[in-house]
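Chemist: After the structure tokens below, expect a handful of questions from me.
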Amino acid sequence: TARLLLVPLADRHLGLEIQLDSDPEVLRYLGGRARSAAEVAESHARRMALTGRVDGLGFWMAFGSGGGTHGSAPPASEEAGEFAGLMMLPPAHGPDQPDDPAVSDLGYRLVRRYWRQGLASEASRALLRHAFATVGQNRVIAQTMSVNTASRHVLQAIGMRYVRTFPSSDDPFPGTELGEVEYEMTRGMWQALREREGAA
């Protein structure tokens, strides 16, 4: 992207995933607590298993330069950059998601120092383009807690539309009583958005 280098998730990245999930603020709307190294290792194994289900879908580690400040170019390599977060576009796979290889699930998780710089939107737009233009997906969905206003703002900013609110399946913690929300972008929506952007 303009400011991030996205590298496919690999086993060598487990330490960075542990670092990311050790911050309870990063996981405020994903269970509400930091995760242990063993829990992150289990998540990593599940992510790697999902990566092989649909060619082109999976998870990417994001690396930035200079703290992700506005205008900074992406690093030339992950070794030259600073870890910024985890970007997700696996096949839809959750209990409240369709079992359809043409539907993928958009997600993002940023290191706290990279918050509020537009990087989640920037990376998500790149993943949507990849989903529709490269992989050939029919639909991309994204789910988050109803109270996660920052994430909902990102989804709205990139052109996704609200679909529904549904009960949270997570263990109860503040905000789960209001449920989760789902947003979507279809191939037709994405094409129309591209046409409008091209005409602007």
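Every chain in the structure tokens takes a letter, A first, then B, and so on in the order presented; its residues are numbered from 1, and the ligands are numbered from 1 following the presented order.
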List the neighbours of Pro74 in chain A out to 8 Å using only C-alpha atoms; skip same-chain residues closer than 3 positions along the sequence, and give me the result as a PyMOL selection string.
Modeler: chain A and resi 1-5+63-65+81
Chemist: Can you list, as a ChimeraX atom specification, every protein, DNA or RNA residue that comes within 7 Å of range 29-46 of chain A when you count only C-alpha atoms, leaving out same-chain residues fewer than 6 positions away?
Modeler: /A:14,17-18,21-23,145,148,170,173
Chemist: Using only C-alpha atoms for the distances, tell me which of A:Leu89, A:Ala10, A:Ala192, A:Leu27 is nearest to Val111 in chain A.
Modeler: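 The shortest atom-to-atom distance to Val111 in chain A comes from A:Leu27.
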Chemist: Can you measure CA of Gly85 in chain A to CA of Gly188 in chain A for me? One decimal in Å is fine.
Modeler: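 Between these atoms lies a distance of 29.2 Å.
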Chemist: Would you pick out the contacts of Trp60 in chain A at 12 Å or less, using only C-alpha atoms, so that residues sharing its chain but fewer than 5 positions from it are not included, and give the list as an mmCIF file with C-alpha atoms, in the first residue's frame?
Modeler:
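And here is the file that came out, part14.cif:
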data_model
loop_
_atom_site.group_PDB
_atom_site.id
_atom_site.type_symbol
_atom_site.label_atom_id
_atom_site.label_comp_id
_atom_site.auth_asym_id
_atom_site.auth_seq_id
_atom_site.Cartn_x
_atom_site.Cartn_y
_atom_site.Cartn_z
ATOM 1 C CA LEU A 4 2.561 -0.477 4.434
ATOM 2 C CA LEU A 5 4.347 -3.573 3.204
ATOM 3 C CA LEU A 6 2.091 -6.633 3.545
ATOM 4 C CA VAL A 7 3.895 -9.962 3.888
ATOM 5 C CA PRO A 8 2.071 -13.328 3.901
ATOM 6 C CA LEU A 9 1.837 -14.774 7.407
ATOM 7 C CA ALA A 10 4.457 -17.454 8.116
ATOM 8 C CA ASP A 11 5.654 -19.414 11.134
ATOM 9 C CA HIS A 13 5.958 -14.312 12.545
ATOM 10 C CA LEU A 16 5.139 -10.738 16.421
ATOM 11 C CA GLU A 17 1.637 -12.162 16.812
ATOM 12 C CA HIS A 44 -1.525 -18.963 14.564
ATOM 13 C CA ARG A 47 -4.716 -19.089 10.662
ATOM 14 C CA MET A 48 -2.128 -21.142 8.811
ATOM 15 C CA THR A 51 -4.650 -19.981 4.493
ATOM 16 C CA GLU A 78 10.007 -6.625 6.477
ATOM 17 C CA PHE A 83 5.813 -4.330 12.697
ATOM 18 C CA ALA A 84 2.473 -2.527 12.414
ATOM 19 C CA GLY A 85 -0.171 -5.241 12.652
ATOM 20 C CA LEU A 86 -2.022 -8.205 11.207
ATOM 21 C CA MET A 87 -4.334 -7.917 8.192
ATOM 22 C CA MET A 88 -6.852 -10.674 7.545
ATOM 23 C CA LEU A 89 -8.736 -11.927 4.503
ATOM 24 C CA PRO A 90 -9.404 -15.636 5.113
ATOM 25 C CA LEU A 106 -12.044 -8.975 6.297
ATOM 26 C CA GLY A 107 -10.229 -8.106 9.522
ATOM 27 C CA TYR A 108 -7.358 -6.035 10.896
ATOM 28 C CA ARG A 109 -5.437 -5.642 14.127
ATOM 29 C CA LEU A 110 -2.898 -2.843 14.566
ATOM 30 C CA ALA A 123 -4.803 -1.877 4.102
ATOM 31 C CA SER A 124 -8.464 -2.913 3.946
ATOM 32 C CA ALA A 126 -5.960 -3.135 -0.734
ATOM 33 C CA LEU A 127 -7.412 -6.393 0.579
#
Chemist: Residues of range 22-186 of chain A classed as strand (DSSP E) by DSSP on the backbone are to be reported as a PyMOL selection string.
Modeler: chain A and resi 58-64+82-89+103-105+107-110+139-145+161-166+180-186
Chemist: Could you tell me how far CA of Gly58 in chain A sits from CA of Asp100 in chain A, in Å to one decimal place?
Modeler: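 Rounded to one decimal, the two atoms are 15.0 Å apart.
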Chemist: Can you check which residues of range 24-179 of chain A DSSP gives as alpha helix (DSSP H) on the backbone and send them as a VMD selection string?
Modeler: chain A and resid 37 to 51 119 to 129 149 to 157
Chemist: Go through A:Ser151, A:Ser146, A:Ser104, A:Gln97 one by one, measure the shortest atom-to-atom distance of each to Phe59 in chain A using only C-alpha atoms, and give the residue with the smallest value.
Modeler: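 Closest residue, counting only C-alpha atoms: A:Ser104.
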Chemist: Measure the distance from CA of Thr144 in chain A to CA of Glu182 in chain A in Å and round it to one decimal.
Modeler: 6.8 Å
Chemist: Within 9 Å of Ala102 in chain A, counting only C-alpha atoms, which residues show up once you throw out same-chain ones fewer than 5 positions away? Write them as a ChimeraX atom specification, please.
Modeler: /A:54,91-92,135-140
Chemist: Which polymer residues have any atom within 10 Å of an atom of range 184-187 of chain A, counting only C-alpha atoms, with same-chain residues fewer than 2 positions away left out, as a ChimeraX atom specification?
Modeler: /A:103-106,128-129,131-133,136-143,155-156,158-164,182,189-193
Chemist: Taking into account only C-alpha atoms, which residue in the set A:Tyr114, A:Thr134, A:Val26, A:Arg125 is nearest to Leu57 in chain A?
Modeler: A:Thr134
Chemist: Which one of A:Leu178, A:Tyr183, A:Arg53, A:Ser121 sits closest to His93 in chain A if you count only C-alpha atoms?
Modeler: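 Of all the options, A:Arg53 lies closest to His93 in chain A.
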Chemist: Between A:Pro167, A:Arg113, A:Ala62, A:Leu20, which one has atoms that come closest to Pro75 in chain A, using only C-alpha atoms?
Modeler: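 Closest candidate: A:Ala62.
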